[in-house]
Amino acid sequence: MSKADNKRGLLLVYTGDGKGKTTAALGLAVRATGRGKRVLMIQFIKSPERTYGEKIIFDRLGIEMVQMGVGFTWTKTPEEHRSALEKAWSFAREKVLGGEYDVVILDELNNALAIDRFPIDDVLPLADVLDTVQNRPRHVHLVITGRNAQPAIIEMADLVTEMKPVKHYYDEGIPAVLGVEY
């Protein structure tokens, strides 16, 4: 790899049905911040109405995180979700294309793009996402997380990691654990 290619922003995708997609992105954010990179994490599904461990520590570390969702699709009306997705995508697009950040993490964007309970293409158009990914400033590393990554995003990616569940304590009836899931 030439030195110029080493400076090129990468597209990293963490997807699959297993646990660890957001966790991998959080680790990358900490590593990049440790190396002096400017990092922004935008969460498309998680709501600022709930407290998450990653938000608490990122605030302490000075890593910018913006939670723009309203929760799981069954927790609010379709219009509430559509409005939140529209605002989140507009904000994300502006930040990615602005070039102010070295690393932008679009947490659970894959989940948002896969919503089929109500229409979303007019508020979160896949074509616009692909255009933004392709036309981002050369130095910007982009991380996209969430289940059900779109084939076109996978095709564009420099790295795709699929989290695969082998064994999970949920199957034993253990609910979400404070400090592990949230």
# chains A, B, ... in the order shown; residues from 1 in each chain; ligands from 1
$ residues_around --residues "region 114-119 of chain A" --least-positions-apart "3" --cutoff "8 Å" --atoms "only C-alpha atoms" --output "ChimeraX atom specification"
/A:73,78,110-111,122,148-150
$ select_by_dssp --residues "chain A" --states "strand (DSSP E)" --output "PyMOL selection string"
chain A and resi 11-16+39-43+64-67+103-107+141-145+159-163
$ closest_residue --among "A:Leu178, A:Val143, A:Ile154, A:Met68" --to "Phe44 (chain A)" --atoms "only C-alpha atoms"
A:Met68
$ residues_around --residues "Asp121 (chain A)" --least-positions-apart "6" --cutoff "12 Å" --atoms "only C-alpha atoms" --output "JSON, numbers by chain"
{"A": [82, 85, 86, 89, 112, 113, 114, 115, 127, 128, 129]}
$ write_last_selection --atoms "all heavy atoms" --output "PDB file, in the first residue's frame"
ATOM      1  N   ARG A  82     -40.020   8.167  11.637  1.00  0.00           N
ATOM      2  CA  ARG A  82     -39.674   8.772  10.350  1.00  0.00           C
ATOM      3  C   ARG A  82     -39.071  10.167  10.554  1.00  0.00           C
ATOM      4  O   ARG A  82     -38.060  10.517   9.929  1.00  0.00           O
ATOM      5  CB  ARG A  82     -40.911   8.849   9.447  1.00  0.00           C
ATOM      6  CG  ARG A  82     -41.324   7.496   8.875  1.00  0.00           C
ATOM      7  CD  ARG A  82     -42.675   7.532   8.158  1.00  0.00           C
ATOM      8  NE  ARG A  82     -42.866   8.678   7.294  1.00  0.00           N
ATOM      9  CZ  ARG A  82     -42.315   8.831   6.092  1.00  0.00           C
ATOM     10  NH1 ARG A  82     -41.537   7.901   5.595  1.00  0.00           N
ATOM     11  NH2 ARG A  82     -42.551   9.914   5.375  1.00  0.00           N
ATOM     12  N   LEU A  85     -35.559   9.737  11.970  1.00  0.00           N
ATOM     13  CA  LEU A  85     -34.627   9.255  10.942  1.00  0.00           C
ATOM     14  C   LEU A  85     -34.274  10.363   9.958  1.00  0.00           C
ATOM     15  O   LEU A  85     -33.119  10.482   9.536  1.00  0.00           O
ATOM     16  CB  LEU A  85     -35.215   8.062  10.198  1.00  0.00           C
ATOM     17  CG  LEU A  85     -35.301   6.758  10.985  1.00  0.00           C
ATOM     18  CD1 LEU A  85     -36.106   5.719  10.213  1.00  0.00           C
ATOM     19  CD2 LEU A  85     -33.916   6.234  11.323  1.00  0.00           C
ATOM     20  N   GLU A  86     -35.250  11.159   9.589  1.00  0.00           N
ATOM     21  CA  GLU A  86     -34.991  12.258   8.658  1.00  0.00           C
ATOM     22  C   GLU A  86     -33.993  13.244   9.264  1.00  0.00           C
ATOM     23  O   GLU A  86     -33.028  13.669   8.601  1.00  0.00           O
ATOM     24  CB  GLU A  86     -36.306  12.961   8.303  1.00  0.00           C
ATOM     25  CG  GLU A  86     -36.146  14.052   7.274  1.00  0.00           C
ATOM     26  CD  GLU A  86     -37.490  14.599   6.811  1.00  0.00           C
ATOM     27  OE1 GLU A  86     -38.419  14.706   7.639  1.00  0.00           O
ATOM     28  OE2 GLU A  86     -37.598  14.920   5.612  1.00  0.00           O
ATOM     29  N   TRP A  89     -30.487  11.533   9.552  1.00  0.00           N
ATOM     30  CA  TRP A  89     -29.777  11.419   8.288  1.00  0.00           C
ATOM     31  C   TRP A  89     -29.280  12.786   7.806  1.00  0.00           C
ATOM     32  O   TRP A  89     -28.153  12.923   7.335  1.00  0.00           O
ATOM     33  CB  TRP A  89     -30.613  10.734   7.205  1.00  0.00           C
ATOM     34  CG  TRP A  89     -29.853  10.764   5.924  1.00  0.00           C
ATOM     35  CD1 TRP A  89     -30.197  11.367   4.764  1.00  0.00           C
ATOM     36  CD2 TRP A  89     -28.543  10.219   5.710  1.00  0.00           C
ATOM     37  NE1 TRP A  89     -29.189  11.238   3.831  1.00  0.00           N
ATOM     38  CE2 TRP A  89     -28.161  10.528   4.399  1.00  0.00           C
ATOM     39  CE3 TRP A  89     -27.648   9.504   6.513  1.00  0.00           C
ATOM     40  CZ2 TRP A  89     -26.935  10.156   3.856  1.00  0.00           C
ATOM     41  CZ3 TRP A  89     -26.419   9.127   5.985  1.00  0.00           C
ATOM     42  CH2 TRP A  89     -26.075   9.453   4.671  1.00  0.00           C
ATOM     43  N   ALA A 112     -31.606   0.949  10.587  1.00  0.00           N
ATOM     44  CA  ALA A 112     -32.543   1.964  10.110  1.00  0.00           C
ATOM     45  C   ALA A 112     -32.883   1.740   8.638  1.00  0.00           C
ATOM     46  O   ALA A 112     -34.051   1.804   8.249  1.00  0.00           O
ATOM     47  CB  ALA A 112     -31.956   3.358  10.323  1.00  0.00           C
ATOM     48  N   LEU A 113     -31.863   1.446   7.838  1.00  0.00           N
ATOM     49  CA  LEU A 113     -32.104   1.225   6.406  1.00  0.00           C
ATOM     50  C   LEU A 113     -32.922  -0.026   6.137  1.00  0.00           C
ATOM     51  O   LEU A 113     -33.532  -0.148   5.073  1.00  0.00           O
ATOM     52  CB  LEU A 113     -30.770   1.142   5.661  1.00  0.00           C
ATOM     53  CG  LEU A 113     -30.027   2.462   5.495  1.00  0.00           C
ATOM     54  CD1 LEU A 113     -28.600   2.205   5.023  1.00  0.00           C
ATOM     55  CD2 LEU A 113     -30.768   3.384   4.549  1.00  0.00           C
ATOM     56  N   ALA A 114     -32.938  -0.957   7.089  1.00  0.00           N
ATOM     57  CA  ALA A 114     -33.664  -2.221   6.914  1.00  0.00           C
ATOM     58  C   ALA A 114     -35.097  -2.180   7.449  1.00  0.00           C
ATOM     59  O   ALA A 114     -35.817  -3.180   7.364  1.00  0.00           O
ATOM     60  CB  ALA A 114     -32.891  -3.354   7.586  1.00  0.00           C
ATOM     61  N   ILE A 115     -35.520  -1.054   7.995  1.00  0.00           N
ATOM     62  CA  ILE A 115     -36.885  -0.957   8.531  1.00  0.00           C
ATOM     63  C   ILE A 115     -37.894  -1.244   7.425  1.00  0.00           C
ATOM     64  O   ILE A 115     -37.839  -0.653   6.346  1.00  0.00           O
ATOM     65  CB  ILE A 115     -37.146   0.433   9.152  1.00  0.00           C
ATOM     66  CG1 ILE A 115     -36.318   0.600  10.430  1.00  0.00           C
ATOM     67  CG2 ILE A 115     -38.642   0.635   9.442  1.00  0.00           C
ATOM     68  CD1 ILE A 115     -36.339   2.005  11.006  1.00  0.00           C
ATOM     69  N   ALA A 127     -30.057   5.604  -1.798  1.00  0.00           N
ATOM     70  CA  ALA A 127     -29.239   6.235  -2.845  1.00  0.00           C
ATOM     71  C   ALA A 127     -28.447   7.417  -2.290  1.00  0.00           C
ATOM     72  O   ALA A 127     -27.285   7.623  -2.643  1.00  0.00           O
ATOM     73  CB  ALA A 127     -30.121   6.677  -4.011  1.00  0.00           C
ATOM     74  N   ASP A 128     -29.048   8.181  -1.389  1.00  0.00           N
ATOM     75  CA  ASP A 128     -28.371   9.324  -0.781  1.00  0.00           C
ATOM     76  C   ASP A 128     -27.263   8.845   0.166  1.00  0.00           C
ATOM     77  O   ASP A 128     -26.187   9.448   0.236  1.00  0.00           O
ATOM     78  CB  ASP A 128     -29.383  10.204  -0.048  1.00  0.00           C
ATOM     79  CG  ASP A 128     -28.834  11.574   0.289  1.00  0.00           C
ATOM     80  OD1 ASP A 128     -27.945  12.074  -0.427  1.00  0.00           O
ATOM     81  OD2 ASP A 128     -29.293  12.159   1.291  1.00  0.00           O
ATOM     82  N   VAL A 129     -27.539   7.782   0.890  1.00  0.00           N
ATOM     83  CA  VAL A 129     -26.515   7.202   1.774  1.00  0.00           C
ATOM     84  C   VAL A 129     -25.310   6.764   0.942  1.00  0.00           C
ATOM     85  O   VAL A 129     -24.161   7.088   1.268  1.00  0.00           O
ATOM     86  CB  VAL A 129     -27.081   6.021   2.594  1.00  0.00           C
ATOM     87  CG1 VAL A 129     -25.970   5.294   3.349  1.00  0.00           C
ATOM     88  CG2 VAL A 129     -28.167   6.502   3.557  1.00  0.00           C
TER      89      VAL A 129
END
$ residues_around --residues "Gly62 (chain A)" --least-positions-apart "2" --cutoff "12 Å" --atoms "only C-alpha atoms" --output "PyMOL selection string"
chain A and resi 29-30+33-34+36-41+54-60+64-65
$ write_last_selection --atoms "N, CA, C and O atoms" --output "PDB file, in the first residue's frame"
ATOM      1  N   ALA A  29     -13.525   3.994  18.238  1.00  0.00           N
ATOM      2  CA  ALA A  29     -13.616   5.418  18.594  1.00  0.00           C
ATOM      3  C   ALA A  29     -12.603   5.775  19.675  1.00  0.00           C
ATOM      4  O   ALA A  29     -11.934   6.813  19.604  1.00  0.00           O
ATOM      5  N   VAL A  30     -12.473   4.919  20.674  1.00  0.00           N
ATOM      6  CA  VAL A  30     -11.508   5.161  21.751  1.00  0.00           C
ATOM      7  C   VAL A  30     -10.087   5.127  21.191  1.00  0.00           C
ATOM      8  O   VAL A  30      -9.259   5.998  21.488  1.00  0.00           O
ATOM      9  N   THR A  33      -9.432   8.263  19.054  1.00  0.00           N
ATOM     10  CA  THR A  33      -9.293   9.428  19.927  1.00  0.00           C
ATOM     11  C   THR A  33      -7.923   9.419  20.599  1.00  0.00           C
ATOM     12  O   THR A  33      -7.272  10.461  20.708  1.00  0.00           O
ATOM     13  N   GLY A  34      -7.479   8.255  21.019  1.00  0.00           N
ATOM     14  CA  GLY A  34      -6.160   8.122  21.626  1.00  0.00           C
ATOM     15  C   GLY A  34      -5.041   8.538  20.690  1.00  0.00           C
ATOM     16  O   GLY A  34      -3.973   8.975  21.125  1.00  0.00           O
ATOM     17  N   GLY A  36      -5.363  10.997  18.579  1.00  0.00           N
ATOM     18  CA  GLY A  36      -5.555  12.397  18.222  1.00  0.00           C
ATOM     19  C   GLY A  36      -6.547  12.642  17.108  1.00  0.00           C
ATOM     20  O   GLY A  36      -6.640  13.761  16.594  1.00  0.00           O
ATOM     21  N   LYS A  37      -7.307  11.625  16.735  1.00  0.00           N
ATOM     22  CA  LYS A  37      -8.309  11.786  15.682  1.00  0.00           C
ATOM     23  C   LYS A  37      -9.572  12.406  16.266  1.00  0.00           C
ATOM     24  O   LYS A  37      -9.940  12.154  17.407  1.00  0.00           O
ATOM     25  N   ARG A  38     -10.268  13.183  15.464  1.00  0.00           N
ATOM     26  CA  ARG A  38     -11.548  13.773  15.868  1.00  0.00           C
ATOM     27  C   ARG A  38     -12.645  12.792  15.490  1.00  0.00           C
ATOM     28  O   ARG A  38     -12.785  12.420  14.320  1.00  0.00           O
ATOM     29  N   VAL A  39     -13.444  12.367  16.485  1.00  0.00           N
ATOM     30  CA  VAL A  39     -14.426  11.301  16.303  1.00  0.00           C
ATOM     31  C   VAL A  39     -15.826  11.805  16.625  1.00  0.00           C
ATOM     32  O   VAL A  39     -16.027  12.517  17.614  1.00  0.00           O
ATOM     33  N   LEU A  40     -16.783  11.394  15.811  1.00  0.00           N
ATOM     34  CA  LEU A  40     -18.199  11.655  16.061  1.00  0.00           C
ATOM     35  C   LEU A  40     -18.949  10.344  15.893  1.00  0.00           C
ATOM     36  O   LEU A  40     -18.770   9.652  14.892  1.00  0.00           O
ATOM     37  N   MET A  41     -19.788  10.014  16.867  1.00  0.00           N
ATOM     38  CA  MET A  41     -20.653   8.836  16.768  1.00  0.00           C
ATOM     39  C   MET A  41     -22.094   9.324  16.786  1.00  0.00           C
ATOM     40  O   MET A  41     -22.515  10.032  17.701  1.00  0.00           O
ATOM     41  N   GLU A  54     -22.146   3.865  27.139  1.00  0.00           N
ATOM     42  CA  GLU A  54     -21.219   4.449  26.172  1.00  0.00           C
ATOM     43  C   GLU A  54     -21.333   5.970  26.127  1.00  0.00           C
ATOM     44  O   GLU A  54     -20.343   6.683  25.965  1.00  0.00           O
ATOM     45  N   LYS A  55     -22.533   6.495  26.301  1.00  0.00           N
ATOM     46  CA  LYS A  55     -22.714   7.951  26.305  1.00  0.00           C
ATOM     47  C   LYS A  55     -22.061   8.554  27.545  1.00  0.00           C
ATOM     48  O   LYS A  55     -21.398   9.589  27.473  1.00  0.00           O
ATOM     49  N   ILE A  56     -22.207   7.891  28.673  1.00  0.00           N
ATOM     50  CA  ILE A  56     -21.614   8.387  29.919  1.00  0.00           C
ATOM     51  C   ILE A  56     -20.094   8.488  29.788  1.00  0.00           C
ATOM     52  O   ILE A  56     -19.497   9.522  30.087  1.00  0.00           O
ATOM     53  N   ILE A  57     -19.452   7.425  29.311  1.00  0.00           N
ATOM     54  CA  ILE A  57     -17.989   7.441  29.225  1.00  0.00           C
ATOM     55  C   ILE A  57     -17.495   8.326  28.097  1.00  0.00           C
ATOM     56  O   ILE A  57     -16.467   8.989  28.223  1.00  0.00           O
ATOM     57  N   PHE A  58     -18.217   8.380  26.981  1.00  0.00           N
ATOM     58  CA  PHE A  58     -17.780   9.262  25.896  1.00  0.00           C
ATOM     59  C   PHE A  58     -17.819  10.718  26.336  1.00  0.00           C
ATOM     60  O   PHE A  58     -16.945  11.503  25.973  1.00  0.00           O
ATOM     61  N   ASP A  59     -18.831  11.100  27.108  1.00  0.00           N
ATOM     62  CA  ASP A  59     -18.874  12.465  27.639  1.00  0.00           C
ATOM     63  C   ASP A  59     -17.640  12.724  28.506  1.00  0.00           C
ATOM     64  O   ASP A  59     -17.022  13.787  28.413  1.00  0.00           O
ATOM     65  N   ARG A  60     -17.250  11.768  29.329  1.00  0.00           N
ATOM     66  CA  ARG A  60     -16.060  11.918  30.185  1.00  0.00           C
ATOM     67  C   ARG A  60     -14.784  12.000  29.362  1.00  0.00           C
ATOM     68  O   ARG A  60     -13.851  12.715  29.718  1.00  0.00           O
ATOM     69  N   GLU A  64     -17.437  12.930  20.994  1.00  0.00           N
ATOM     70  CA  GLU A  64     -18.784  13.425  20.692  1.00  0.00           C
ATOM     71  C   GLU A  64     -19.706  12.288  20.248  1.00  0.00           C
ATOM     72  O   GLU A  64     -19.382  11.530  19.338  1.00  0.00           O
ATOM     73  N   MET A  65     -20.834  12.174  20.934  1.00  0.00           N
ATOM     74  CA  MET A  65     -21.860  11.184  20.594  1.00  0.00           C
ATOM     75  C   MET A  65     -23.205  11.888  20.593  1.00  0.00           C
ATOM     76  O   MET A  65     -23.541  12.606  21.539  1.00  0.00           O
TER      77      MET A  65
END
$ select_by_dssp --residues "region 2-178 of chain A" --states "helix (DSSP H, G or I)" --output "ChimeraX atom specification"
/A:3-6,21-34,53-61,78-98,109-113,126-135,151-156,169-172
$ closest_residue --among "A:Ser47, A:Arg8, A:Leu124, A:Leu109" --to "Lys76 (chain A)" --atoms "only C-alpha atoms"
A:Ser47
$ residues_around --residues "Ile153 (chain A)" --least-positions-apart "5" --cutoff "9 Å" --atoms "only C-alpha atoms" --output "PyMOL selection string"
chain A and resi 11+13+129-130+133+144
$ residues_around --residues "Tyr170 (chain A)" --least-positions-apart "4" --cutoff "12 Å" --atoms "only C-alpha atoms" --output "PyMOL selection string"
chain A and resi 18-19+165-166+174-177+181
$ write_last_selection --atoms "N, CA, C and O atoms" --output "JSON list (two decimals), in the first residue's frame"
[["chain", "number", "residue", "atom", "x", "y", "z"],
["A", 18, "GLY", "N", -25.12, -11.28, 15.57],
["A", 18, "GLY", "CA", -24.44, -11.45, 16.86],
["A", 18, "GLY", "C", -24.21, -10.13, 17.57],
["A", 18, "GLY", "O", -24.28, -9.05, 17.00],
["A", 19, "LYS", "N", -23.90, -10.25, 18.84],
["A", 19, "LYS", "CA", -23.60, -9.10, 19.68],
["A", 19, "LYS", "C", -22.20, -8.57, 19.36],
["A", 19, "LYS", "O", -21.32, -9.33, 19.03],
["A", 165, "PRO", "N", -23.89, -15.09, 16.06],
["A", 165, "PRO", "CA", -24.14, -15.64, 17.38],
["A", 165, "PRO", "C", -23.84, -17.14, 17.40],
["A", 165, "PRO", "O", -24.31, -17.89, 16.56],
["A", 166, "VAL", "N", -23.04, -17.54, 18.35],
["A", 166, "VAL", "CA", -22.75, -18.96, 18.56],
["A", 166, "VAL", "C", -23.48, -19.42, 19.82],
["A", 166, "VAL", "O", -24.10, -20.47, 19.84],
["A", 174, "ILE", "N", -31.59, -14.81, 30.44],
["A", 174, "ILE", "CA", -30.94, -13.68, 31.10],
["A", 174, "ILE", "C", -31.21, -12.43, 30.27],
["A", 174, "ILE", "O", -30.84, -12.38, 29.10],
["A", 175, "PRO", "N", -31.84, -11.42, 30.86],
["A", 175, "PRO", "CA", -32.17, -10.21, 30.10],
["A", 175, "PRO", "C", -30.93, -9.33, 29.90],
["A", 175, "PRO", "O", -29.84, -9.65, 30.38],
["A", 176, "ALA", "N", -31.12, -8.20, 29.23],
["A", 176, "ALA", "CA", -30.03, -7.25, 28.99],
["A", 176, "ALA", "C", -29.35, -6.90, 30.32],
["A", 176, "ALA", "O", -30.01, -6.68, 31.33],
["A", 177, "VAL", "N", -28.03, -6.85, 30.29],
["A", 177, "VAL", "CA", -27.23, -6.65, 31.49],
["A", 177, "VAL", "C", -26.64, -5.24, 31.49],
["A", 177, "VAL", "O", -25.98, -4.83, 30.52],
["A", 181, "GLU", "N", -24.89, -4.54, 27.85],
["A", 181, "GLU", "CA", -25.70, -4.11, 26.71],
["A", 181, "GLU", "C", -25.97, -2.62, 26.67],
["A", 181, "GLU", "O", -26.22, -2.07, 25.62]]
$ closest_residue --among "A:Gly179, A:Gly173, A:Gly53, A:Gly99" --to "His141 (chain A)" --atoms "only C-alpha atoms"
A:Gly99
$ closest_residue --among "A:Lys7, A:Asn135, A:Leu61, A:Gly69" --to "Glu94 (chain A)" --atoms "only C-alpha atoms"
A:Asn135
$ atom_distance --atom1 "CA of Ala152 (chain A)" --atom2 "CA of Arg31 (chain A)"
27.7 Å
$ residues_around --residues "Lys21 (chain A)" --least-positions-apart "3" --cutoff "6 Å" --atoms "only C-alpha atoms" --output "list of chain:residue names"
A:Tyr14, A:Ala24, A:Thr145
$ atom_distance --atom1 "CA of Pro137 (chain A)" --atom2 "CA of Ala92 (chain A)"
13.7 Å
$ closest_residue --among "A:Leu10, A:Ala32, A:Val180, A:Ile45" --to "Ala84 (chain A)" --atoms "only C-alpha atoms"
A:Ile45
